[in-house]
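final23.csv (CSV, C-alpha atoms) appears below.
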```csv
chain,number,residue,atom,x,y,z
A,1,GLY,CA,-28.8,-20.3,-0.3
A,2,LEU,CA,-28.7,-16.7,1.1
A,3,GLU,CA,-27.1,-16.1,4.5
A,4,GLN,CA,-25.6,-13.2,6.4
A,5,LYS,CA,-21.8,-13.3,7.1
A,6,GLY,CA,-20.6,-10.4,9.2
A,7,LEU,CA,-21.3,-7.1,7.4
A,8,GLN,CA,-22.2,-8.8,4.1
A,9,TRP,CA,-24.5,-11.4,2.6
A,10,GLN,CA,-23.4,-14.5,0.7
A,11,LEU,CA,-25.6,-16.0,-2.0
A,12,THR,CA,-24.7,-19.5,-3.1
A,13,PHE,CA,-25.9,-21.3,-6.3
A,14,ALA,CA,-25.6,-25.1,-6.1
A,15,ASN,CA,-25.1,-27.6,-8.9
A,16,ASP,CA,-24.4,-31.0,-7.4
A,17,THR,CA,-21.0,-30.7,-5.8
A,18,GLU,CA,-20.3,-27.3,-7.4
A,19,LYS,CA,-21.0,-24.3,-5.2
A,20,ILE,CA,-20.9,-20.8,-6.8
A,21,ALA,CA,-20.7,-18.2,-4.0
A,22,VAL,CA,-21.4,-14.5,-4.5
A,23,ASP,CA,-20.4,-12.0,-1.8
A,24,ILE,CA,-22.9,-9.1,-1.5
A,25,PRO,CA,-21.6,-6.1,0.6
A,26,PHE,CA,-25.0,-4.9,1.7
A,27,ILE,CA,-28.7,-4.8,1.0
A,28,SER,CA,-30.0,-1.4,0.1
A,29,GLY,CA,-33.6,-1.1,1.5
A,30,ASP,CA,-35.5,-4.0,-0.1
A,31,SER,CA,-33.1,-4.4,-3.0
A,32,LEU,CA,-30.5,-7.0,-3.6
A,33,ASN,CA,-28.3,-6.1,-6.6
A,34,PHE,CA,-25.2,-7.9,-7.6
A,35,THR,CA,-23.1,-9.3,-10.5
A,36,MET,CA,-21.8,-12.8,-10.8
A,37,PRO,CA,-18.1,-13.5,-10.2
A,38,LEU,CA,-17.8,-14.8,-13.8
A,39,PHE,CA,-19.6,-13.9,-17.0
A,40,GLU,CA,-21.6,-10.8,-17.9
A,41,THR,CA,-24.5,-11.5,-15.5
A,42,ALA,CA,-26.2,-9.2,-13.1
A,43,PHE,CA,-29.2,-9.6,-10.8
A,44,GLN,CA,-31.7,-7.0,-9.6
A,45,LEU,CA,-33.9,-8.5,-6.9
A,46,LYS,CA,-36.4,-7.2,-4.3
A,47,VAL,CA,-37.1,-8.8,-0.9
A,48,THR,CA,-40.8,-9.1,-0.3
A,49,ASN,CA,-42.7,-9.5,3.0
A,50,GLU,CA,-43.7,-13.0,1.9
A,51,GLY,CA,-40.1,-14.3,2.2
A,52,GLN,CA,-39.5,-14.1,-1.6
A,53,LEU,CA,-36.9,-12.5,-3.9
A,54,ASN,CA,-38.4,-11.2,-7.1
A,55,GLY,CA,-36.7,-9.5,-10.0
A,56,ILE,CA,-34.6,-10.0,-13.1
A,57,MET,CA,-31.3,-11.5,-14.3
A,58,THR,CA,-29.6,-9.6,-17.2
A,59,LYS,CA,-27.1,-11.6,-19.2
A,60,GLY,CA,-24.8,-10.1,-21.8
A,61,THR,CA,-24.7,-11.8,-25.2
A,62,SER,CA,-23.2,-11.1,-28.6
A,63,SER,CA,-26.6,-9.7,-29.9
A,64,GLY,CA,-27.5,-7.6,-26.8
A,65,PRO,CA,-28.6,-8.4,-23.3
A,66,GLN,CA,-31.1,-11.1,-22.4
A,67,VAL,CA,-33.5,-10.4,-19.5
A,68,TRP,CA,-34.9,-13.3,-17.4
A,69,GLN,CA,-37.5,-13.2,-14.7
A,70,VAL,CA,-36.3,-14.5,-11.4
A,71,LYS,CA,-38.2,-15.7,-8.3
A,72,ALA,CA,-36.8,-17.3,-5.1
A,73,THR,CA,-38.7,-18.5,-2.1
A,74,GLU,CA,-37.3,-18.7,1.4
A,75,GLY,CA,-37.1,-22.1,3.1
A,76,ALA,CA,-36.2,-25.7,2.2
A,77,MET,CA,-37.4,-26.6,-1.2
A,78,ALA,CA,-36.7,-29.4,-3.6
A,79,ARG,CA,-34.6,-28.5,-6.7
A,80,ILE,CA,-37.4,-29.8,-8.8
A,81,PRO,CA,-40.6,-28.9,-6.8
A,82,GLN,CA,-42.9,-30.9,-9.1
A,83,ALA,CA,-41.0,-34.1,-8.4
A,84,ILE,CA,-43.6,-35.7,-6.2
A,85,GLY,CA,-44.0,-39.4,-5.6
A,86,LYS,CA,-41.7,-42.4,-5.8
A,87,GLU,CA,-39.6,-43.0,-8.8
A,88,VAL,CA,-40.5,-45.9,-11.0
A,89,PHE,CA,-37.1,-46.4,-12.7
A,90,ASN,CA,-33.4,-46.1,-11.7
A,91,ILE,CA,-31.4,-44.8,-14.6
A,92,SER,CA,-27.9,-44.9,-13.0
A,93,GLY,CA,-25.2,-45.7,-15.6
A,94,ARG,CA,-24.0,-44.7,-19.0
A,95,TRP,CA,-26.4,-43.8,-21.8
A,96,ALA,CA,-26.0,-43.1,-25.5
A,97,VAL,CA,-27.6,-39.8,-26.3
A,98,GLU,CA,-28.8,-38.2,-29.6
A,99,PHE,CA,-29.7,-34.5,-30.0
A,100,GLN,CA,-31.8,-33.5,-33.1
A,101,ARG,CA,-30.3,-30.9,-35.3
A,102,PRO,CA,-32.4,-28.2,-37.1
A,103,ASP,CA,-32.2,-30.2,-40.3
A,104,GLY,CA,-33.7,-33.3,-38.6
A,105,SER,CA,-30.5,-35.3,-38.3
A,106,TRP,CA,-29.1,-36.5,-35.0
A,107,ARG,CA,-25.8,-35.8,-33.3
A,108,PRO,CA,-24.3,-38.1,-30.7
A,109,ALA,CA,-23.5,-37.6,-27.1
A,110,VAL,CA,-23.0,-39.6,-23.9
A,111,ALA,CA,-24.8,-39.3,-20.5
A,112,GLU,CA,-23.6,-40.5,-17.2
A,113,TRP,CA,-26.1,-40.6,-14.3
A,114,LYS,CA,-26.0,-41.5,-10.6
A,115,GLN,CA,-29.4,-41.9,-9.0
A,116,ARG,CA,-30.3,-42.4,-5.3
A,117,GLY,CA,-34.0,-42.6,-4.6
A,118,ASN,CA,-35.6,-39.9,-6.8
A,119,LYS,CA,-32.5,-37.6,-6.7
A,120,ILE,CA,-30.2,-37.7,-9.7
A,121,ARG,CA,-26.9,-36.1,-10.7
A,122,GLY,CA,-24.5,-36.4,-13.6
A,123,THR,CA,-23.7,-34.8,-16.9
A,124,ILE,CA,-24.1,-35.1,-20.7
A,125,ILE,CA,-21.0,-35.1,-22.7
A,126,ASN,CA,-20.6,-33.9,-26.3
A,127,PRO,CA,-17.6,-34.7,-28.5
A,128,SER,CA,-16.2,-31.2,-27.7
A,129,GLY,CA,-17.1,-30.8,-24.1
A,130,ASP,CA,-19.7,-31.4,-21.4
A,131,TYR,CA,-22.7,-29.7,-19.8
A,132,ARG,CA,-20.9,-29.7,-16.4
A,133,PHE,CA,-22.7,-30.4,-13.2
A,134,LEU,CA,-26.4,-31.4,-13.7
A,135,GLU,CA,-28.7,-32.2,-10.8
A,136,GLY,CA,-32.4,-33.0,-10.5
A,137,ALA,CA,-35.0,-35.7,-10.0
A,138,VAL,CA,-36.6,-38.8,-11.3
A,139,TRP,CA,-40.3,-39.3,-10.4
A,140,SER,CA,-42.9,-41.6,-11.9
A,141,ASN,CA,-41.5,-41.9,-15.4
A,142,GLN,CA,-40.1,-38.4,-15.7
A,143,LEU,CA,-36.4,-37.1,-15.8
A,144,TYR,CA,-35.7,-33.5,-15.1
A,145,VAL,CA,-32.2,-32.1,-14.4
A,146,THR,CA,-30.9,-28.5,-14.4
A,147,ALA,CA,-27.8,-26.4,-14.0
A,148,PHE,CA,-26.9,-22.7,-13.6
A,149,ASP,CA,-23.2,-21.8,-14.0
A,150,GLY,CA,-23.5,-18.1,-13.5
A,151,ALA,CA,-24.9,-17.2,-16.9
A,152,HIS,CA,-26.1,-20.3,-18.7
A,153,ILE,CA,-29.3,-22.0,-17.7
A,154,TYR,CA,-29.7,-25.6,-18.7
A,155,ALA,CA,-32.7,-27.9,-18.3
A,156,PHE,CA,-33.2,-31.4,-19.6
A,157,GLN,CA,-36.6,-33.1,-19.4
A,158,GLY,CA,-37.6,-36.5,-20.8
A,159,THR,CA,-39.9,-39.4,-20.4
A,160,ILE,CA,-38.5,-42.7,-19.2
A,161,THR,CA,-40.3,-45.4,-21.1
A,162,ASN,CA,-38.5,-48.4,-19.6
A,163,ASP,CA,-35.2,-49.2,-17.9
A,164,SER,CA,-33.1,-48.6,-21.0
A,165,THR,CA,-35.0,-45.9,-23.0
A,166,ILE,CA,-35.7,-42.2,-22.5
A,167,GLU,CA,-37.8,-40.5,-25.2
A,168,ASN,CA,-39.5,-37.2,-25.9
A,169,GLY,CA,-36.6,-35.3,-24.4
A,170,ILE,CA,-36.4,-31.5,-24.6
A,171,PHE,CA,-33.2,-29.5,-23.8
A,172,PHE,CA,-33.7,-25.9,-22.9
A,173,SER,CA,-30.9,-23.4,-22.8
A,174,GLY,CA,-32.7,-20.1,-23.2
A,175,LYS,CA,-34.2,-20.6,-26.6
A,176,ALA,CA,-37.6,-21.9,-27.5
A,177,PRO,CA,-38.9,-24.4,-28.3
A,178,GLY,CA,-35.7,-26.3,-27.2
A,179,ASP,CA,-33.8,-29.2,-28.8
A,180,ALA,CA,-35.2,-32.7,-28.9
A,181,PHE,CA,-33.1,-35.6,-27.5
A,182,ARG,CA,-33.4,-39.3,-26.8
A,183,MET,CA,-31.3,-41.8,-24.8
A,184,LYS,CA,-30.6,-45.5,-24.9
A,185,LYS,CA,-28.8,-47.2,-21.9
A,186,ASN,CA,-25.5,-48.6,-23.1
A,187,PRO,CA,-22.6,-49.2,-20.7
A,188,ASP,CA,-20.2,-49.2,-23.8
A,189,ALA,CA,-21.5,-45.9,-25.1
A,190,ALA,CA,-18.6,-43.8,-26.4
A,191,LEU,CA,-18.2,-40.5,-28.2
A,192,PRO,CA,-17.1,-40.4,-31.9
A,193,GLU,CA,-13.8,-38.8,-32.8
A,194,LEU,CA,-14.2,-35.1,-33.1
A,195,ALA,CA,-13.5,-33.9,-36.6
A,196,PRO,CA,-10.1,-32.0,-36.6
A,197,VAL,CA,-11.7,-28.6,-37.5
A,198,SER,CA,-9.0,-26.5,-35.9
A,199,GLY,CA,-5.6,-27.6,-37.2
A,200,MET,CA,-2.6,-26.2,-39.0
A,201,LYS,CA,-2.8,-25.4,-42.7
A,202,PRO,CA,-0.6,-27.4,-45.0
A,203,GLY,CA,2.9,-26.1,-44.9
A,204,GLU,CA,2.4,-24.2,-41.6
A,205,ASN,CA,4.0,-25.4,-38.4
A,206,THR,CA,4.3,-22.2,-36.3
A,207,LEU,CA,2.0,-19.6,-34.9
A,208,SER,CA,2.5,-15.8,-34.9
A,209,PHE,CA,0.4,-13.3,-33.0
A,210,ARG,CA,0.6,-10.1,-31.1
A,211,PHE,CA,-2.4,-9.1,-28.9
A,212,PRO,CA,-2.9,-6.8,-25.9
A,213,ASP,CA,-3.6,-8.1,-22.4
A,214,THR,CA,-6.3,-6.6,-20.1
A,215,ASP,CA,-4.0,-3.7,-19.3
A,216,SER,CA,-3.3,-3.0,-23.0
A,217,ASN,CA,0.3,-4.5,-22.9
A,218,PHE,CA,1.1,-6.3,-26.1
A,219,VAL,CA,2.3,-9.9,-25.9
A,220,SER,CA,3.8,-12.0,-28.7
A,221,LEU,CA,5.2,-15.5,-29.0
A,222,ALA,CA,8.5,-13.8,-30.0
A,223,ASP,CA,8.8,-12.4,-26.5
A,224,GLU,CA,11.7,-13.6,-24.3
A,225,ARG,CA,9.5,-15.5,-21.8
A,226,PHE,CA,8.5,-18.0,-24.5
A,227,LYS,CA,11.9,-18.6,-26.0
A,228,ASN,CA,13.1,-22.2,-25.8
A,229,LYS,CA,10.0,-23.0,-23.7
A,230,VAL,CA,7.2,-25.6,-24.1
A,231,THR,CA,4.2,-23.4,-24.6
A,232,VAL,CA,0.5,-24.0,-24.4
A,233,VAL,CA,-1.8,-21.6,-26.3
A,234,GLN,CA,-5.5,-21.7,-25.1
A,235,LEU,CA,-8.1,-20.3,-27.5
A,236,MET,CA,-11.0,-19.4,-25.2
A,237,GLY,CA,-13.7,-16.9,-24.3
A,238,SER,CA,-14.9,-15.5,-20.9
A,239,TRP,CA,-18.5,-16.5,-21.9
A,240,CYS,CA,-17.6,-20.2,-22.2
A,241,PRO,CA,-18.4,-22.7,-19.4
A,242,ASN,CA,-15.9,-25.3,-20.6
A,243,CYS,CA,-13.2,-22.6,-20.9
A,244,MET,CA,-13.9,-21.8,-17.2
A,245,ASP,CA,-13.1,-25.4,-16.3
A,246,GLU,CA,-10.0,-25.5,-18.5
A,247,THR,CA,-8.7,-22.1,-17.2
A,248,LYS,CA,-8.9,-23.5,-13.6
A,249,PHE,CA,-7.0,-26.6,-14.7
A,250,LEU,CA,-4.3,-24.7,-16.6
A,251,SER,CA,-3.9,-22.0,-13.9
A,252,ASP,CA,-3.5,-24.7,-11.2
A,253,PHE,CA,-0.9,-26.5,-13.4
A,254,TYR,CA,1.0,-23.3,-14.2
A,255,ASN,CA,1.1,-22.0,-10.6
A,256,GLY,CA,2.1,-25.4,-9.3
A,257,GLN,CA,5.3,-25.6,-11.3
A,258,LYS,CA,8.5,-25.3,-9.2
A,259,LYS,CA,10.3,-23.9,-12.2
A,260,LYS,CA,8.4,-22.3,-15.1
A,261,GLU,CA,9.4,-24.9,-17.7
A,262,VAL,CA,6.1,-24.6,-19.4
A,263,GLU,CA,4.5,-21.3,-20.5
A,264,ILE,CA,0.8,-20.7,-21.1
A,265,VAL,CA,-0.9,-17.9,-23.0
A,266,SER,CA,-4.7,-17.5,-23.5
A,267,LEU,CA,-6.2,-15.8,-26.6
A,268,ALA,CA,-9.7,-14.6,-25.9
A,269,TYR,CA,-12.5,-14.4,-28.4
A,270,GLU,CA,-15.2,-12.4,-26.8
A,271,LEU,CA,-18.8,-11.4,-27.3
A,272,SER,CA,-18.0,-8.1,-28.9
A,273,THR,CA,-15.1,-6.0,-30.2
A,274,ASP,CA,-15.4,-3.5,-27.4
A,275,PHE,CA,-12.0,-3.7,-25.6
A,276,SER,CA,-13.3,-2.3,-22.3
A,277,ARG,CA,-16.1,-4.8,-22.1
A,278,SER,CA,-13.8,-7.7,-23.1
A,279,SER,CA,-11.2,-6.6,-20.6
A,280,LEU,CA,-13.6,-6.4,-17.7
A,281,SER,CA,-15.1,-9.9,-18.4
A,282,LEU,CA,-11.6,-11.5,-18.9
A,283,SER,CA,-10.3,-9.8,-15.8
A,284,LYS,CA,-13.0,-11.7,-13.8
A,285,PHE,CA,-11.5,-14.9,-15.1
A,286,LYS,CA,-8.0,-13.9,-14.1
A,287,SER,CA,-9.1,-13.0,-10.6
A,288,ARG,CA,-11.3,-16.0,-10.0
A,289,PHE,CA,-8.7,-18.6,-11.0
A,290,GLY,CA,-5.5,-16.7,-9.9
A,291,VAL,CA,-4.2,-16.7,-13.5
A,292,GLU,CA,-0.5,-15.6,-13.6
A,293,TYR,CA,0.1,-16.2,-17.3
A,294,PRO,CA,-1.0,-13.7,-20.0
A,295,MET,CA,-4.6,-13.6,-21.1
A,296,LEU,CA,-4.9,-11.6,-24.4
A,297,ILE,CA,-7.8,-10.0,-26.2
A,298,THR,CA,-7.8,-10.9,-29.9
A,299,GLY,CA,-10.3,-8.3,-30.9
A,300,ALA,CA,-12.3,-10.9,-32.8
A,301,ARG,CA,-15.7,-12.0,-31.7
A,302,SER,CA,-16.4,-15.7,-31.0
A,303,ALA,CA,-19.3,-15.5,-33.5
A,304,ASP,CA,-17.1,-14.2,-36.4
A,305,ALA,CA,-17.0,-16.8,-39.2
A,306,ASP,CA,-13.5,-15.5,-40.2
A,307,LYS,CA,-12.0,-15.2,-36.7
A,308,ALA,CA,-9.2,-17.6,-37.6
A,309,ALA,CA,-8.2,-15.6,-40.7
A,310,LYS,CA,-8.3,-12.4,-38.7
A,311,THR,CA,-6.2,-13.6,-35.8
A,312,LEU,CA,-4.4,-16.9,-36.5
A,313,PRO,CA,-4.2,-17.3,-40.3
A,314,GLN,CA,-2.0,-20.4,-39.9
A,315,LEU,CA,-5.0,-22.3,-38.6
A,316,THR,CA,-7.6,-24.0,-40.8
A,317,ASP,CA,-10.5,-22.7,-38.6
A,318,ILE,CA,-11.6,-22.0,-35.0
A,319,LYS,CA,-14.9,-23.7,-34.2
A,320,TYR,CA,-14.6,-25.2,-30.8
A,321,PHE,CA,-13.9,-23.4,-27.5
A,322,PRO,CA,-11.7,-24.0,-25.8
A,323,THR,CA,-9.0,-25.2,-28.3
A,324,THR,CA,-5.6,-26.0,-27.0
A,325,ILE,CA,-2.4,-25.8,-29.0
A,326,PHE,CA,0.9,-27.4,-27.8
A,327,ILE,CA,4.1,-25.8,-29.1
A,328,ASP,CA,7.6,-27.4,-28.6
A,329,LYS,CA,10.8,-25.6,-27.5
A,330,LYS,CA,11.7,-24.8,-31.1
A,331,GLY,CA,8.4,-23.0,-31.6
A,332,LYS,CA,6.8,-25.8,-33.7
A,333,VAL,CA,3.1,-26.6,-33.3
A,334,ARG,CA,3.0,-30.3,-32.3
A,335,LYS,CA,-0.7,-30.8,-31.4
A,336,VAL,CA,-4.0,-29.0,-31.7
A,337,HIS,CA,-6.7,-30.3,-29.4
A,338,ASN,CA,-10.4,-29.2,-29.9
A,339,GLY,CA,-12.6,-29.0,-26.8
A,340,PHE,CA,-12.2,-29.8,-23.1
A,341,TYR,CA,-13.9,-32.2,-20.6
A,342,GLY,CA,-14.3,-30.8,-17.1
A,343,PRO,CA,-14.6,-32.4,-13.7
A,344,GLY,CA,-18.4,-32.8,-14.2
A,345,ALA,CA,-17.5,-35.6,-16.7
A,346,GLN,CA,-15.0,-37.3,-14.4
A,347,ASP,CA,-13.8,-40.2,-16.6
A,348,TYR,CA,-13.3,-38.0,-19.6
A,349,HIS,CA,-11.7,-35.4,-17.5
A,350,GLU,CA,-9.2,-37.8,-16.1
A,351,ALA,CA,-8.4,-39.1,-19.6
A,352,TYR,CA,-7.9,-35.6,-20.8
A,353,LYS,CA,-5.5,-34.8,-18.0
A,354,LYS,CA,-3.5,-38.0,-18.6
A,355,ALA,CA,-3.1,-37.1,-22.3
A,356,PHE,CA,-2.2,-33.5,-21.4
A,357,PHE,CA,0.5,-34.4,-19.0
A,358,GLU,CA,1.9,-37.1,-21.4
A,359,MET,CA,2.2,-34.4,-24.1
A,360,ILE,CA,3.8,-31.9,-21.7
A,361,GLU,CA,6.4,-34.4,-20.5
A,362,GLU,CA,7.2,-35.5,-24.0
A,363,LEU,CA,7.9,-31.9,-25.1
A,364,LYS,CA,9.8,-31.1,-21.9
A,365,GLY,CA,12.1,-34.1,-22.5
A,366,GLU,CA,13.1,-33.1,-26.0
```
The structure in this file should be written as structure tokens.
Amino acid sequence: GLEQKGLQWQLTFANDTEKIAVDIPFISGDSLNFTMPLFETAFQLKVTNEGQLNGIMTKGTSSGPQVWQVKATEGAMARIPQAIGKEVFNISGRWAVEFQRPDGSWRPAVAEWKQRGNKIRGTIINPSGDYRFLEGAVWSNQLYVTAFDGAHIYAFQGTITNDSTIENGIFFSGKAPGDAFRMKKNPDAALPELAPVSGMKPGENTLSFRFPDTDSNFVSLADERFKNKVTVVQLMGSWCPNCMDETKFLSDFYNGQKKKEVEIVSLAYELSTDFSRSSLSLSKFKSRFGVEYPMLITGARSADADKAAKTLPQLTDIKYFPTTIFIDKKGKVRKVHNGFYGPGAQDYHEAYKKAFFEMIEELKGE
């Protein structure tokens, strides 16, 4: 939605209950140019006499910018315009999902849907995280849900063959021809245990690093602020949607402490080794979520196969973002957790929070 607020405009992107608002100071002539509050995403749009916005979205990636064509039409419009006619099926509930890998094998996931009429919302959850807030429609025997988080565009489309089966699914996330998926309704569907890819090497039980923050000030676990403190180390990237959700969670927790009994430090693995680019993108995270703990730039790219060896050689590997490392008051690593479930996957999110606070209380009590 685009609306005027005083001397500026506000554009809001909606995904179910999530609203991403962008303040735009002014419109120059017929142009509407702005950057998103998170991620390396910029829009260049023109206002037409027909009540439309036409232009492009440019998204930064590790291999150069992607350019997407953008069109918006003024007035009330369904999220899925082609969703015409009454739905045949109601797919509310939990579903076991499988995505097809390039080698033809299938990887498991779980979907949770809430449907009212032909409108549907929910999410799909992988062992390492979730696709956040999905919203769309069911009409005739078709399912179509989408999301836009500020950079990533997701679309899931499938055929509902009966009350408990969805087939011929295609997941689009900016690459063609998309990934195939299928679903079976199963109230007991559960995720498999995530293989412990990121963990401590045999004989290692401490971490050691020294990296700069966005202002080029170096921070180390040997610094005074971390001594005799429970410490949470977040491995993340400013390009990562699940890292966005975890950063909000960690920042709210950290800022809500009456006494700073627990310290947090984030290590960022960005899209490039360009410090200025990484600093600008990471600074957006700090500002958006009011982060008061250090966020450091490792200088390694998220796509680097040897990023663990370059930055944290005590770890076996770094594959999932975010990864969260819990360190006790004596500086010993007590737990390495791969992935994060955000509020879009409510049950999994609540279970994660419960386990997080139990670990924190255990370490504080020692």
What's the separation between CA of Asp103 (chain A) and CA of Ser63 (chain A), in Å to one decimal place?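 Spanning CA of Asp103 (chain A) to CA of Ser63 (chain A) is a straight-line distance of 23.7 Å.
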Do a neighbour search on region 245-248 of chain A at 7 Å with only C-alpha atoms, toss out local chain neighbours closer than 4 positions, and write the hits as an MDAnalysis selection string. chainID A and resid 241 252 289 340 342
So that I can check the surroundings of Asn217 (chain A), please list as a PyMOL selection string every protein, DNA and RNA residue that reaches within 12 Å of it, counting only C-alpha atoms and ignoring chain neighbours fewer than 2 positions away. chain A and resi 210-215+219-220+279+294-297
Do a neighbour search on region 2-4 of chain A at 12 Å with all atoms listed in the file, toss out local chain neighbours closer than 3 positions, and write the hits as a list in words. Leu7, Gln8, Trp9, Gln10, Leu11, Thr12, Phe13, Ala14, Ile20, Ala21, Val22, Asp23, Ile24, Pro25, Phe26, Ile27, Leu32, Val47, Gly51, Gln52, Leu53, Ala72, Thr73, Glu74, Gly75 and Ala76 of chain A
Record the distance separating CA of Glu270 (chain A) and CA of Ala151 (chain A), expressed in Å with one decimal. 14.7 Å
Which residue is closest to Leu315 (chain A)? Choose from A:Thr206, A:Asn255, A:Asn338, A:Ser198 and count all atoms listed in the file.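 Nearest to Leu315 (chain A): A:Ser198.
The gap separating CA of Lys259 (chain A) from CA of Leu363 (chain A) is 15.4 Å, in Å to one decimal.
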Please check which residues have atoms at most 6 Å from (-20.3, -12.2, -25.8) in the file's coordinates, counting all atoms listed in the file, and write them as number ranges by chain. A: 61-62, 270-272
Return the single residue from A:Gln157, A:Gln314, A:Ser251, A:Gln257 that is closest to Gln234 (chain A), with distances computed using all atoms listed in the file.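 Residue with the minimum atom-to-atom distance to Gln234 (chain A): A:Ser251.
Distances here use all atoms listed in the file; by that measure, the residue among A:Thr123, A:Ser266, A:Ser216, A:Thr324 closest to Asn15 (chain A) is A:Thr123.
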For Lys284 (chain A), the nearest of the candidates A:Phe43, A:Phe148, A:Trp239, A:Phe326, counting all atoms listed in the file: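 Checking each of A:Phe43, A:Phe148, A:Trp239, A:Phe326 against Lys284 (chain A), counting all atoms listed in the file, the winner is A:Trp239.
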